[in-house]
$ cat query-v4.csv   # CSV, C-alpha atoms and all ligand atoms
chain,number,residue,atom,x,y,z
S,1,MET,CA,126.9,140.8,138.1
S,2,LYS,CA,124.7,141.9,135.2
S,3,ASP,CA,122.5,139.3,133.5
S,4,ILE,CA,124.8,136.8,131.8
S,5,ARG,CA,122.8,137.2,128.6
S,6,ASN,CA,124.0,140.8,128.2
S,7,TYR,CA,127.5,139.6,127.6
S,8,LYS,CA,129.0,138.3,124.4
S,9,GLN,CA,128.7,134.6,123.6
S,10,GLU,CA,132.4,133.9,124.3
S,11,THR,CA,131.8,135.1,127.8
S,12,ILE,CA,128.5,133.2,128.2
S,13,CYS,CA,130.4,130.0,127.2
S,14,VAL,CA,132.8,130.4,130.2
S,15,HIS,CA,130.5,131.8,132.9
S,16,ALA,CA,126.9,130.9,132.2
S,17,GLY,CA,125.0,128.6,134.5
S,18,THR,CA,127.6,128.2,137.2
S,19,LYS,CA,126.0,127.7,140.6
S,20,GLU,CA,127.1,129.6,143.7
S,21,THR,CA,128.1,127.1,146.4
S,22,PRO,CA,128.9,127.6,150.1
S,23,GLU,CA,132.5,126.5,149.4
S,24,GLY,CA,133.0,129.0,146.6
S,25,SER,CA,133.6,126.3,144.0
S,26,ILE,CA,134.6,127.8,140.6
S,27,VAL,CA,132.8,125.1,138.7
S,28,THR,CA,129.5,123.5,139.6
S,29,PRO,CA,130.2,120.3,141.5
S,30,ILE,CA,128.9,116.9,140.3
S,31,TYR,CA,125.9,116.3,142.5
S,32,GLN,CA,126.1,112.5,141.9
S,33,THR,CA,123.0,111.7,143.9
S,34,SER,CA,119.8,110.1,142.9
S,35,THR,CA,117.7,111.8,145.6
S,36,PHE,CA,117.6,114.7,148.0
S,37,LYS,CA,116.5,114.6,151.7
S,38,PHE,CA,113.7,116.8,153.1
S,39,LYS,CA,114.2,118.8,156.3
S,40,ASP,CA,110.8,117.5,157.6
S,41,VAL,CA,107.4,116.5,156.3
S,42,ASN,CA,106.3,120.0,155.7
S,43,HIS,CA,109.3,120.8,153.6
S,44,GLY,CA,108.7,117.6,151.5
S,45,ALA,CA,105.1,118.5,151.1
S,46,SER,CA,105.8,122.1,150.0
S,47,LEU,CA,108.4,120.9,147.4
S,48,PHE,CA,105.9,118.5,145.9
S,49,LYS,CA,103.3,121.2,145.8
S,50,GLY,CA,105.8,123.5,144.1
S,51,GLU,CA,105.4,126.0,146.9
S,52,SER,CA,109.1,126.1,147.7
S,53,ASP,CA,112.1,125.9,145.5
S,54,GLY,CA,114.4,122.8,145.9
S,55,TYR,CA,115.4,119.4,144.8
S,56,ILE,CA,113.4,116.1,145.2
S,57,TYR,CA,114.8,113.4,142.8
S,58,THR,CA,117.4,113.6,140.1
S,59,ARG,CA,115.1,112.5,137.2
S,60,MET,CA,113.0,115.6,138.0
S,61,ARG,CA,115.8,118.1,138.8
S,62,ASN,CA,119.5,118.1,139.7
S,63,PRO,CA,121.8,121.1,140.3
S,64,THR,CA,124.6,119.9,138.0
S,65,VAL,CA,122.1,119.2,135.2
S,66,GLU,CA,120.4,122.6,135.8
S,67,ALA,CA,123.7,124.5,135.6
S,68,MET,CA,124.4,123.0,132.1
S,69,GLU,CA,120.8,123.6,131.0
S,70,ASP,CA,120.9,127.3,132.1
S,71,ALA,CA,124.2,127.8,130.2
S,72,ILE,CA,122.9,126.4,126.9
S,73,ALA,CA,119.6,128.2,127.2
S,74,ALA,CA,121.5,131.5,127.5
S,75,LEU,CA,123.8,130.6,124.5
S,76,GLU,CA,120.8,129.8,122.3
S,77,MET,CA,118.8,132.9,123.5
S,78,GLY,CA,116.1,130.6,124.7
S,79,ALA,CA,114.0,130.9,127.9
S,80,LYS,CA,114.7,127.4,129.2
S,81,ALA,CA,116.5,124.1,128.3
S,82,LEU,CA,116.0,120.4,129.1
S,83,GLY,CA,119.0,118.1,129.1
S,84,CYS,CA,118.4,114.7,127.6
S,85,ALA,CA,120.2,111.3,127.5
S,86,SER,CA,120.9,111.7,123.8
S,87,GLY,CA,120.1,113.8,120.8
S,88,MET,CA,117.4,111.2,119.9
S,89,ALA,CA,116.0,111.4,123.5
S,90,ALA,CA,115.6,115.1,122.9
S,91,ILE,CA,113.9,114.7,119.5
S,92,HIS,CA,111.6,111.9,120.9
S,93,THR,CA,110.7,114.1,123.9
S,94,LEU,CA,110.0,117.1,121.6
S,95,PHE,CA,107.7,115.0,119.3
S,96,ALA,CA,105.9,113.3,122.3
S,97,THR,CA,105.3,116.7,124.0
S,98,VAL,CA,104.0,118.6,121.0
S,99,LEU,CA,102.2,116.0,118.9
S,100,SER,CA,98.9,114.1,119.3
S,101,HIS,CA,97.1,111.5,117.4
S,102,GLY,CA,95.8,113.0,114.1
S,103,ASP,CA,98.6,115.7,113.9
S,104,HIS,CA,100.7,116.3,110.8
S,105,VAL,CA,104.5,117.1,110.7
S,106,ILE,CA,106.6,118.5,107.9
S,107,CYS,CA,110.2,117.4,108.1
S,108,SER,CA,113.4,118.0,106.1
S,109,GLU,CA,114.3,115.2,103.6
S,110,ALA,CA,118.0,115.8,104.3
S,111,VAL,CA,117.7,114.8,108.0
S,112,TYR,CA,119.6,112.7,110.5
S,113,GLY,CA,118.6,109.0,109.7
S,114,PRO,CA,117.1,108.1,113.1
S,115,THR,CA,115.0,111.4,113.0
S,116,TYR,CA,113.5,110.2,109.7
S,117,THR,CA,112.9,106.7,111.1
S,118,ILE,CA,111.3,107.8,114.4
S,119,LEU,CA,108.7,109.9,112.4
S,120,HIS,CA,108.3,107.4,109.6
S,121,ASP,CA,108.2,104.0,111.5
S,122,PHE,CA,107.4,105.0,115.0
S,123,PHE,CA,105.1,108.0,115.4
S,124,THR,CA,102.9,106.7,112.5
S,125,ARG,CA,101.9,103.9,114.9
S,126,PHE,CA,100.5,106.7,117.1
S,127,GLY,CA,98.5,108.4,114.3
S,128,VAL,CA,101.0,111.1,113.5
S,129,GLU,CA,101.6,111.6,109.8
S,130,THR,CA,104.8,113.2,108.3
S,131,THR,CA,105.5,114.7,104.9
S,132,PHE,CA,109.2,114.8,104.1
S,133,VAL,CA,110.1,117.7,101.8
S,134,ASP,CA,113.1,119.4,100.4
S,135,THR,CA,113.3,122.2,103.0
S,136,CYS,CA,115.9,124.1,100.9
S,137,ASN,CA,112.8,125.1,99.0
S,138,SER,CA,110.5,127.2,101.2
S,139,GLU,CA,107.7,127.0,98.6
S,140,ALA,CA,107.8,123.2,98.9
S,141,VAL,CA,107.3,123.6,102.6
S,142,GLN,CA,104.3,125.9,102.1
S,143,LYS,CA,102.8,123.4,99.6
S,144,ALA,CA,103.0,120.6,102.2
S,145,VAL,CA,101.0,122.5,104.9
S,146,GLN,CA,97.8,120.9,105.8
S,147,SER,CA,95.0,122.0,108.2
S,148,ASN,CA,96.3,119.6,110.8
S,149,THR,CA,100.0,120.6,110.5
S,150,LYS,CA,101.3,121.1,114.0
S,151,LEU,CA,105.0,121.1,113.7
S,152,ILE,CA,107.7,121.8,111.0
S,153,PHE,CA,111.0,120.2,111.9
S,154,ILE,CA,114.1,121.3,109.9
S,155,GLU,CA,117.7,120.4,110.1
S,156,THR,CA,120.0,123.1,108.8
S,157,PRO,CA,122.6,122.5,107.6
S,158,GLY,CA,121.3,119.0,107.0
S,159,ASN,CA,122.8,115.5,106.9
S,160,PRO,CA,124.9,114.4,105.1
S,161,SER,CA,125.0,116.8,102.2
S,162,VAL,CA,125.3,120.1,104.2
S,163,VAL,CA,122.3,121.8,102.5
S,164,MET,CA,120.4,124.7,104.3
S,165,ALA,CA,116.9,125.7,105.0
S,166,ASP,CA,115.7,129.3,105.4
S,167,ILE,CA,114.8,129.5,109.1
S,168,ALA,CA,113.0,132.9,109.0
S,169,ALA,CA,111.0,132.1,105.9
S,170,ILE,CA,109.9,128.7,107.3
S,171,ALA,CA,109.1,130.2,110.7
S,172,LEU,CA,106.7,132.5,109.0
S,173,ILE,CA,105.1,129.6,107.1
S,174,ALA,CA,104.7,127.6,110.3
S,175,HIS,CA,103.2,130.5,112.4
S,176,LYS,CA,100.8,131.5,109.6
S,177,ALA,CA,99.5,127.9,109.7
S,178,GLY,CA,99.2,127.9,113.5
S,179,ALA,CA,102.1,125.4,113.7
S,180,LYS,CA,105.5,125.5,115.6
S,181,LEU,CA,109.0,125.4,114.1
S,182,ALA,CA,111.7,123.2,115.6
S,183,VAL,CA,115.3,123.4,114.3
S,184,ASP,CA,118.0,120.7,114.8
S,185,ASN,CA,121.0,123.0,115.2
S,186,THR,CA,123.6,120.2,115.8
S,187,PHE,CA,125.7,121.0,112.7
S,188,MET,CA,126.2,124.7,113.5
S,189,SER,CA,126.3,124.9,117.3
S,190,PRO,CA,124.8,128.1,118.9
S,191,ILE,CA,128.1,129.9,118.2
S,192,TYR,CA,127.3,130.2,114.5
S,193,GLN,CA,123.5,129.9,114.4
S,194,LYS,CA,120.8,130.9,116.9
S,195,PRO,CA,117.5,129.7,115.3
S,196,ILE,CA,115.4,131.4,118.0
S,197,LEU,CA,116.5,134.8,116.7
S,198,PHE,CA,115.0,133.8,113.4
S,199,GLY,CA,111.7,132.7,114.7
S,200,ALA,CA,112.2,129.1,115.8
S,201,ASP,CA,110.1,127.9,118.7
S,202,TYR,CA,112.3,125.0,119.7
S,203,VAL,CA,115.9,124.1,119.1
S,204,VAL,CA,117.4,120.6,119.6
S,205,HIS,CA,121.0,119.5,119.7
S,206,SER,CA,122.8,116.3,119.8
S,207,MET,CA,125.3,117.5,122.5
S,208,THR,CA,127.3,114.5,121.6
S,209,LYS,CA,128.7,116.6,118.8
S,210,TYR,CA,130.0,120.2,119.1
S,211,LEU,CA,128.6,121.2,122.5
S,212,ASN,CA,130.5,118.6,124.4
S,213,GLY,CA,133.1,118.4,121.6
S,214,HIS,CA,135.4,115.7,123.0
S,215,ALA,CA,133.8,112.5,121.6
S,216,ASP,CA,133.3,111.1,125.1
S,217,VAL,CA,129.6,111.8,125.9
S,218,VAL,CA,126.3,110.9,124.3
S,219,ALA,CA,123.7,113.6,125.2
S,220,GLY,CA,121.0,115.9,123.9
S,221,ILE,CA,119.1,119.0,124.7
S,222,ILE,CA,115.8,120.9,123.9
S,223,ILE,CA,115.8,124.7,124.1
S,224,LEU,CA,112.5,126.5,124.4
S,225,LYS,CA,111.8,130.1,123.1
S,226,ASP,CA,108.8,130.5,125.4
S,227,GLU,CA,109.0,129.9,129.1
S,228,SER,CA,105.2,129.1,129.3
S,229,GLU,CA,105.9,125.7,127.6
S,230,TYR,CA,108.5,124.7,130.1
S,231,LYS,CA,106.1,122.9,132.5
S,232,SER,CA,104.6,120.6,129.9
S,233,PHE,CA,108.0,119.8,128.5
S,234,ARG,CA,109.5,119.1,131.9
S,235,LYS,CA,106.5,116.9,132.7
S,236,SER,CA,106.8,114.8,129.6
S,237,LEU,CA,110.6,114.4,130.0
S,238,ASN,CA,110.1,113.4,133.6
S,239,LEU,CA,107.5,110.7,132.4
S,240,ILE,CA,109.5,109.5,129.4
S,241,GLY,CA,112.6,109.4,131.6
S,242,GLY,CA,115.3,110.1,129.0
S,243,VAL,CA,117.1,112.5,131.2
S,244,ILE,CA,120.9,113.3,131.2
S,245,ASP,CA,122.8,112.2,134.3
S,246,PRO,CA,124.9,114.6,136.5
S,247,PHE,CA,128.3,113.3,135.4
S,248,ASN,CA,127.6,113.7,131.6
S,249,SER,CA,126.1,117.2,132.4
S,250,PHE,CA,129.3,118.1,134.1
S,251,LEU,CA,131.3,117.0,131.1
S,252,VAL,CA,129.1,118.9,128.6
S,253,HIS,CA,129.3,122.0,130.8
S,254,ARG,CA,133.1,121.7,130.9
S,255,GLY,CA,133.2,121.3,127.1
S,256,LEU,CA,131.0,124.3,126.7
S,257,LYS,CA,133.7,126.6,128.2
S,258,THR,CA,135.9,126.1,125.1
S,259,LEU,CA,133.1,125.8,122.6
S,260,SER,CA,133.7,129.2,120.9
S,261,ILE,CA,137.4,128.7,120.5
S,262,ARG,CA,137.0,125.2,119.3
S,263,VAL,CA,134.4,125.9,116.6
S,264,LYS,CA,136.3,128.9,115.4
S,265,GLN,CA,139.5,126.9,115.0
S,266,GLN,CA,137.6,124.1,113.4
S,267,ALA,CA,136.0,126.5,110.9
S,268,GLU,CA,139.3,128.1,110.1
S,269,ASN,CA,140.8,124.7,109.3
S,270,ALA,CA,137.6,123.6,107.4
S,271,MET,CA,137.8,126.7,105.1
S,272,ILE,CA,141.4,125.9,104.1
S,273,ILE,CA,140.5,122.2,103.6
S,274,ALA,CA,137.4,123.0,101.5
S,275,GLU,CA,139.4,125.3,99.2
S,276,PHE,CA,142.1,122.6,98.8
S,277,LEU,CA,139.5,120.0,97.9
S,278,GLU,CA,137.7,122.3,95.5
S,279,ASN,CA,140.9,122.8,93.6
S,280,HIS,CA,141.9,119.1,93.6
S,281,PRO,CA,141.7,117.2,90.3
S,282,LYS,CA,140.2,114.1,91.9
S,283,VAL,CA,137.3,116.0,93.5
S,284,LYS,CA,134.1,116.6,91.5
S,285,TRP,CA,132.4,119.1,93.9
S,286,VAL,CA,132.5,120.4,97.4
S,287,ASN,CA,129.6,121.5,99.6
S,288,TYR,CA,130.8,123.8,102.4
S,289,PRO,CA,128.8,126.9,103.5
S,290,GLY,CA,132.0,129.0,103.5
S,291,LEU,CA,132.6,128.5,99.8
S,292,LYS,CA,131.1,130.9,97.3
S,293,SER,CA,130.3,127.9,95.2
S,294,HIS,CA,127.8,126.6,97.8
S,295,PRO,CA,124.4,126.9,96.1
S,296,GLN,CA,123.0,128.6,99.2
S,297,TYR,CA,126.0,130.7,100.1
S,298,GLU,CA,123.8,133.9,100.5
S,299,LEU,CA,121.4,132.2,102.8
S,300,GLY,CA,124.3,131.1,105.0
S,301,LEU,CA,125.4,134.7,105.3
S,302,LYS,CA,121.9,135.7,106.3
S,303,GLN,CA,121.4,133.2,109.2
S,304,MET,CA,124.8,131.9,110.2
S,305,THR,CA,127.7,133.9,111.6
S,306,GLY,CA,130.3,131.3,110.5
S,307,PRO,CA,130.5,128.4,108.1
S,308,GLY,CA,131.0,125.5,110.6
S,309,SER,CA,133.3,122.6,109.9
S,310,MET,CA,131.2,120.0,108.1
S,311,ILE,CA,132.3,119.4,104.5
S,312,ALA,CA,130.6,117.1,101.9
S,313,ALA,CA,132.6,116.3,98.8
S,314,GLU,CA,132.2,114.0,95.8
S,315,LEU,CA,135.3,112.2,94.6
S,316,LEU,CA,135.8,111.3,91.0
S,317,GLY,CA,136.0,107.5,90.7
S,318,GLY,CA,132.9,106.5,92.6
S,319,ILE,CA,132.9,103.8,95.3
S,320,GLU,CA,136.4,102.6,94.6
S,321,ALA,CA,137.8,106.2,95.1
S,322,GLY,CA,135.9,106.5,98.4
S,323,ILE,CA,137.2,103.1,99.7
S,324,THR,CA,140.8,104.0,98.7
S,325,VAL,CA,140.7,107.3,100.6
S,326,MET,CA,139.1,105.7,103.7
S,327,ASN,CA,141.6,102.9,103.8
S,328,ASN,CA,144.7,105.0,103.3
S,329,ILE,CA,144.1,108.3,105.1
S,330,GLU,CA,146.1,109.1,108.2
S,331,LEU,CA,145.0,111.4,111.1
S,332,PHE,CA,141.3,111.6,110.0
S,333,GLN,CA,139.6,108.9,112.0
S,334,LEU,CA,137.3,106.6,110.1
S,335,ALA,CA,134.1,107.1,112.2
S,336,VAL,CA,130.6,108.4,112.3
S,337,SER,CA,129.6,111.3,114.5
S,338,LEU,CA,131.1,114.8,114.2
S,339,GLY,CA,132.0,118.0,116.0
S,340,GLY,CA,134.8,116.8,118.2
S,341,VAL,CA,138.4,118.1,118.4
S,342,GLU,CA,139.6,115.2,116.3
S,343,SER,CA,139.0,115.2,112.5
S,344,LEU,CA,136.7,112.4,111.3
S,345,ILE,CA,136.0,111.1,107.8
S,346,GLN,CA,133.1,108.9,106.5
S,347,HIS,CA,132.1,107.4,103.2
S,348,PRO,CA,128.3,106.8,103.2
S,349,ALA,CA,128.1,104.6,100.1
S,350,SER,CA,130.5,101.9,101.5
S,351,MET,CA,129.6,102.4,105.2
S,352,THR,CA,126.5,104.0,106.8
S,353,HIS,CA,124.3,103.8,103.7
S,354,ALA,CA,125.8,100.7,102.0
S,355,GLY,CA,122.6,98.7,102.8
S,356,MET,CA,120.4,101.2,101.0
S,357,GLY,CA,121.4,100.2,97.5
S,358,LYS,CA,122.7,102.5,94.8
S,359,GLU,CA,119.4,103.6,93.4
S,360,SER,CA,117.8,104.8,96.6
S,361,ARG,CA,121.1,106.3,97.7
S,362,GLU,CA,121.2,108.5,94.6
S,363,LYS,CA,117.6,109.6,95.1
S,364,ALA,CA,118.7,110.9,98.5
S,365,HIS,CA,121.7,112.6,96.8
S,366,ILE,CA,124.2,110.2,98.4
S,367,TYR,CA,126.5,109.5,95.4
S,368,ASP,CA,129.0,106.7,95.4
S,369,GLY,CA,132.0,109.1,95.6
S,370,LEU,CA,130.5,111.2,98.4
S,371,ILE,CA,132.6,111.7,101.5
S,372,ARG,CA,131.8,113.6,104.7
S,373,ILE,CA,134.4,115.3,106.8
S,374,SER,CA,134.2,116.7,110.3
S,375,VAL,CA,137.2,118.9,110.7
S,376,GLY,CA,138.9,119.1,114.1
S,377,ILE,CA,141.5,121.4,115.7
S,378,GLU,CA,144.7,119.7,114.6
S,379,ASP,CA,147.3,121.7,112.7
S,380,VAL,CA,145.8,122.4,109.3
S,381,ASN,CA,149.0,121.6,107.3
S,382,ASP,CA,149.1,118.1,108.9
S,383,LEU,CA,145.5,117.6,107.8
S,384,LEU,CA,146.1,118.8,104.3
S,385,SER,CA,149.1,116.5,103.7
S,386,ALA,CA,147.1,113.6,105.1
S,387,LEU,CA,144.3,114.3,102.6
S,388,ASP,CA,146.7,115.0,99.8
S,389,ASN,CA,148.5,111.6,100.3
S,390,ALA,CA,145.2,109.7,100.5
S,391,LEU,CA,143.8,111.3,97.4
S,392,ALA,CA,147.0,110.5,95.5
S,393,MET,CA,146.3,106.8,96.1
S,394,ILE,CA,143.2,107.0,93.9
S,395,PRO,CA,144.2,105.2,90.7
P,401,LIG,C1,124.0,112.8,116.0
P,401,LIG,C2,122.8,113.6,115.6
P,401,LIG,C3,121.5,113.4,116.2
P,401,LIG,C4,121.3,112.3,117.3
P,401,LIG,O1,122.0,112.5,118.4
P,401,LIG,P1,122.5,111.3,119.4
P,401,LIG,O2,123.2,112.1,120.5
P,401,LIG,O3,123.4,110.4,118.7
P,401,LIG,O4,121.3,110.7,119.9
P,401,LIG,C5,120.5,114.2,115.8
P,401,LIG,N1,120.7,115.1,114.9
P,401,LIG,C6,121.8,115.3,114.3
P,401,LIG,C7,121.9,116.4,113.2
P,401,LIG,C8,122.9,114.5,114.6
P,401,LIG,O5,124.1,114.7,114.0
$ encode --input "query-v4.csv" --output "structure tokens" --more "lines below"
Ligand SMILES: *Cc1c(COP(=O)(O)O)cnc(C)c1O
Amino acid sequence: MKDIRNYKQETICVHAGTKETPEGSIVTPIYQTSTFKFKDVNHGASLFKGESDGYIYTRMRNPTVEAMEDAIAALEMGAKALGCASGMAAIHTLFATVLSHGDHVICSEAVYGPTYTILHDFFTRFGVETTFVDTCNSEAVQKAVQSNTKLIFIETPGNPSVVMADIAAIALIAHKAGAKLAVDNTFMSPIYQKPILFGADYVVHSMTKYLNGHADVVAGIIILKDESEYKSFRKSLNLIGGVIDPFNSFLVHRGLKTLSIRVKQQAENAMIIAEFLENHPKVKWVNYPGLKSHPQYELGLKQMTGPGSMIAAELLGGIEAGITVMNNIELFQLAVSLGGVESLIQHPASMTHAGMGKESREKAHIYDGLIRISVGIEDVNDLLSALDNALAMIP
């Protein structure tokens, strides 16, 4: 068979990574084992020296985990990937591997909450300083560069407002400064965005979201552009210990096989829902990369091959309107997280960001009427009537 990477991504989803087994298993089995036995002392010694290829201990390497990692590395056009226990374990491992005391990071303002917190509250204790900037504006990124800038971390599209950063422009800024660029690609999935093709050095995912896609696993991954960095990343993941286990790897790899058909159906549904919301009298604005009204529509066309299925919208009628929709909507599950086959809906001002207070929320563009929708693969007319009915309840 030719190199899997020469096939189209739909084919890569189905076939990449699968291990050949003596039994001819079609899928990679779950090697649910903590450790692997050596044939004799010499064999054990040569494995530890790295002179022969094989397995020692599951925190270090496991065939089921490796199969999933190889598949996702191929999909993201990276050299290597490292499966982690969660998206946050992946982000933590990335920072701990790349950064040292005295280094500076530039990070998107519109970023997943715990990513902000780990940089702001945790890595500062180890002497790493972060500047949070509006990465929609590449000039603002350039202005934030310091002589000790080691890493630029962007999330695009970003949480929760679905705004974008120009990956290629920011990669140039990073590399000119001698820094690396990492992209959190969770919102797009590799089907619609491959940051390494635009110059990113590292890609991270919460595989909890689209990659697994069935809302039954928490997991993450780091993808490396450059194979030469693999050893140091593997070493630090092995020491930090935030590895994914074989069973969750199996589930993610299983989910991956339908990734392309899932995200395409989700995007098709999301486009129809976004247009419906944009024309609804109780909706002030909609942010969805597939709509021409998205302020960065052109950038989306440049770096994404599809619009994804995350929609942000502001309802007229503030907090009360949001609460009314949340409490009355059918089908859309009232829950955080995203990217699964079931549609989810969330109202930051009354739920995830209620503790922040109105003033700081508005600074972060989290308005009282803002809702966030992750569109699933249900019949789109069922979803539209559920939304229509809930919006009609707003007084
Ligand atoms: C969910 C999420 C994470 C964190 O992933 P976990 O698997 O929950 O640890 C990181 N980034 C983004 C954009 C996310 O949506």
$ closest_residue --input "query-v4.csv" --among "S:Ile191, S:Ala335, S:Ile319, S:Val14" --to "Ala354 in chain S" --atoms "only C-alpha atoms"
S:Ile319
$ closest_residue --input "query-v4.csv" --among "S:Ser147, S:Thr135, S:Thr156, S:Thr11" --to "ligand LIG 401 (chain P)" --atoms "all atoms listed in the file"
S:Thr156
$ atom_distance --input "query-v4.csv" --atom1 "CA of Ser34 in chain S" --atom2 "CA of Pro63 in chain S"
11.5 Å
$ atom_distance --input "query-v4.csv" --atom1 "CA of Thr21 in chain S" --atom2 "CA of Lys80 in chain S"
21.8 Å
$ residues_near_point --input "query-v4.csv" --point "(104.1, 121.3, 116.9)" --cutoff "10 Å" --atoms "only C-alpha atoms" --output "compact mmCIF listing (two decimals) with C-alpha atoms, keeping the file's coordinate frame"
# COMPACT_ATOMS: atom_id res chain seq x y z
CA LEU S 94 110.00 117.10 121.60
CA PHE S 95 107.70 115.00 119.30
CA ALA S 96 105.90 113.30 122.30
CA THR S 97 105.30 116.70 124.00
CA VAL S 98 104.00 118.60 121.00
CA LEU S 99 102.20 116.00 118.90
CA SER S 100 98.90 114.10 119.30
CA ASP S 103 98.60 115.70 113.90
CA HIS S 104 100.70 116.30 110.80
CA VAL S 105 104.50 117.10 110.70
CA ILE S 106 106.60 118.50 107.90
CA THR S 149 100.00 120.60 110.50
CA LYS S 150 101.30 121.10 114.00
CA LEU S 151 105.00 121.10 113.70
CA ILE S 152 107.70 121.80 111.00
CA PHE S 153 111.00 120.20 111.90
CA ALA S 174 104.70 127.60 110.30
CA GLY S 178 99.20 127.90 113.50
CA ALA S 179 102.10 125.40 113.70
CA LYS S 180 105.50 125.50 115.60
CA LEU S 181 109.00 125.40 114.10
CA ALA S 182 111.70 123.20 115.60
CA ASP S 201 110.10 127.90 118.70
CA TYR S 202 112.30 125.00 119.70
$ residues_around --input "query-v4.csv" --residues "Ala321 in chain S" --least-positions-apart "5" --cutoff "9 Å" --atoms "all atoms listed in the file" --output "VMD selection string"
chain S and resid 282 315 to 316 326 368 to 369 391 393 to 395
$ closest_atom_pairs --input "query-v4.csv" --of "chain S" --to "ligand LIG 401 (chain P)" --cutoff "9 Å" --atoms "only C-alpha atoms and all ligand atoms" --output "tab-separated table"
residue	atom	partner	partner_atom	distance
S:Cys84	CA	P:LIG401	O2	9.0
S:Ala85	CA	P:LIG401	O2	7.7
S:Ser86	CA	P:LIG401	O2	4.0
S:Gly87	CA	P:LIG401	O1	3.3
S:Met88	CA	P:LIG401	O4	3.9
S:Ala89	CA	P:LIG401	O4	6.4
S:Ala90	CA	P:LIG401	O4	7.8
S:Ile91	CA	P:LIG401	C5	7.6
S:Val111	CA	P:LIG401	C7	6.9
S:Tyr112	CA	P:LIG401	C6	5.1
S:Gly113	CA	P:LIG401	C5	8.2
S:Pro114	CA	P:LIG401	C4	7.3
S:Thr115	CA	P:LIG401	C5	6.8
S:Glu155	CA	P:LIG401	C7	6.6
S:Thr156	CA	P:LIG401	C7	8.2
S:Pro157	CA	P:LIG401	C7	8.3
S:Gly158	CA	P:LIG401	C7	6.7
S:Asn159	CA	P:LIG401	C7	6.4
S:Pro160	CA	P:LIG401	C7	8.9
S:Asp184	CA	P:LIG401	C7	6.0
S:Asn185	CA	P:LIG401	C7	7.0
S:Thr186	CA	P:LIG401	C7	4.9
S:Phe187	CA	P:LIG401	C7	6.0
S:Val204	CA	P:LIG401	N1	8.0
S:His205	CA	P:LIG401	N1	6.5
S:Ser206	CA	P:LIG401	O1	4.1
S:Met207	CA	P:LIG401	O2	6.1
S:Thr208	CA	P:LIG401	O2	4.9
S:Lys209	CA	P:LIG401	C1	6.7
S:Val217	CA	P:LIG401	O2	8.4
S:Val218	CA	P:LIG401	O2	5.0
S:Ala219	CA	P:LIG401	O2	5.0
S:Gly220	CA	P:LIG401	O2	5.6
S:Val336	CA	P:LIG401	C1	8.8
S:Ser337	CA	P:LIG401	C1	6.0
S:Leu338	CA	P:LIG401	O5	7.0
S:Gly339	CA	P:LIG401	O5	8.8
$ residues_around --input "query-v4.csv" --residues "Val203 in chain S" --least-positions-apart "3" --cutoff "9 Å" --atoms "all atoms listed in the file" --output "list in words"
Glu76, Gly78, Leu181, Ala182, Val183, Asp184, Asn185, Lys194, Pro195, Ile196, Ala200, Ile221, Ile222, Ile223, Leu224 and Lys225 of chain S
$ atom_distance --input "query-v4.csv" --atom1 "CA of Ala165 in chain S" --atom2 "CA of Met310 in chain S"
15.7 Å
$ closest_residue --input "query-v4.csv" --among "S:Lys302, S:His353, S:Arg61, S:Lys235" --to "Thr93 in chain S" --atoms "all atoms listed in the file"
S:Lys235
$ closest_residue --input "query-v4.csv" --among "S:Gly241, S:Gly255, S:Gly50, S:Pro190" --to "Met68 in chain S" --atoms "all atoms listed in the file"
S:Gly255
$ residues_around --input "query-v4.csv" --residues "Phe276 in chain S" --least-positions-apart "4" --cutoff "9 Å" --atoms "only C-alpha atoms" --output "list in words"
Met271, Ile272, His280, Leu384 and Asp388 of chain S
$ residues_around --input "query-v4.csv" --residues "Ser374 in chain S" --least-positions-apart "3" --cutoff "12 Å" --atoms "all atoms listed in the file" --output "number ranges by chain"
S: 159-160, 162, 187-188, 209-210, 213, 263, 266-267, 269-271, 273-274, 288, 308-313, 332-347, 371, 377-378, 383
$ closest_residue --input "query-v4.csv" --among "S:Tyr297, S:Tyr31, S:Phe132, S:Phe198" --to "Glu66 in chain S" --atoms "all atoms listed in the file"
S:Tyr31
$ decode --input "query-v4.csv" --residues "range 353-357 of chain S" --atoms "N, CA, C and O atoms" --output "PDB file, in the first residue's frame"
ATOM      1  N   HIS S 353     -20.090  31.661  32.907  1.00  0.00           N
ATOM      2  CA  HIS S 353     -19.423  32.911  33.253  1.00  0.00           C
ATOM      3  C   HIS S 353     -20.253  33.783  34.206  1.00  0.00           C
ATOM      4  O   HIS S 353     -19.988  34.974  34.348  1.00  0.00           O
ATOM      5  N   ALA S 354     -21.231  33.158  34.888  1.00  0.00           N
ATOM      6  CA  ALA S 354     -22.108  33.919  35.791  1.00  0.00           C
ATOM      7  C   ALA S 354     -21.308  34.547  36.926  1.00  0.00           C
ATOM      8  O   ALA S 354     -21.582  35.674  37.350  1.00  0.00           O
ATOM      9  N   GLY S 355     -20.287  33.844  37.414  1.00  0.00           N
ATOM     10  CA  GLY S 355     -19.497  34.311  38.555  1.00  0.00           C
ATOM     11  C   GLY S 355     -18.602  35.494  38.237  1.00  0.00           C
ATOM     12  O   GLY S 355     -18.058  36.149  39.127  1.00  0.00           O
ATOM     13  N   MET S 356     -18.427  35.794  36.955  1.00  0.00           N
ATOM     14  CA  MET S 356     -17.483  36.819  36.517  1.00  0.00           C
ATOM     15  C   MET S 356     -18.005  38.238  36.740  1.00  0.00           C
ATOM     16  O   MET S 356     -17.207  39.178  36.859  1.00  0.00           O
ATOM     17  N   GLY S 357     -19.333  38.401  36.782  1.00  0.00           N
ATOM     18  CA  GLY S 357     -19.898  39.747  36.881  1.00  0.00           C
ATOM     19  C   GLY S 357     -20.015  40.374  35.506  1.00  0.00           C
ATOM     20  O   GLY S 357     -19.177  40.148  34.636  1.00  0.00           O
TER      21      GLY S 357
END
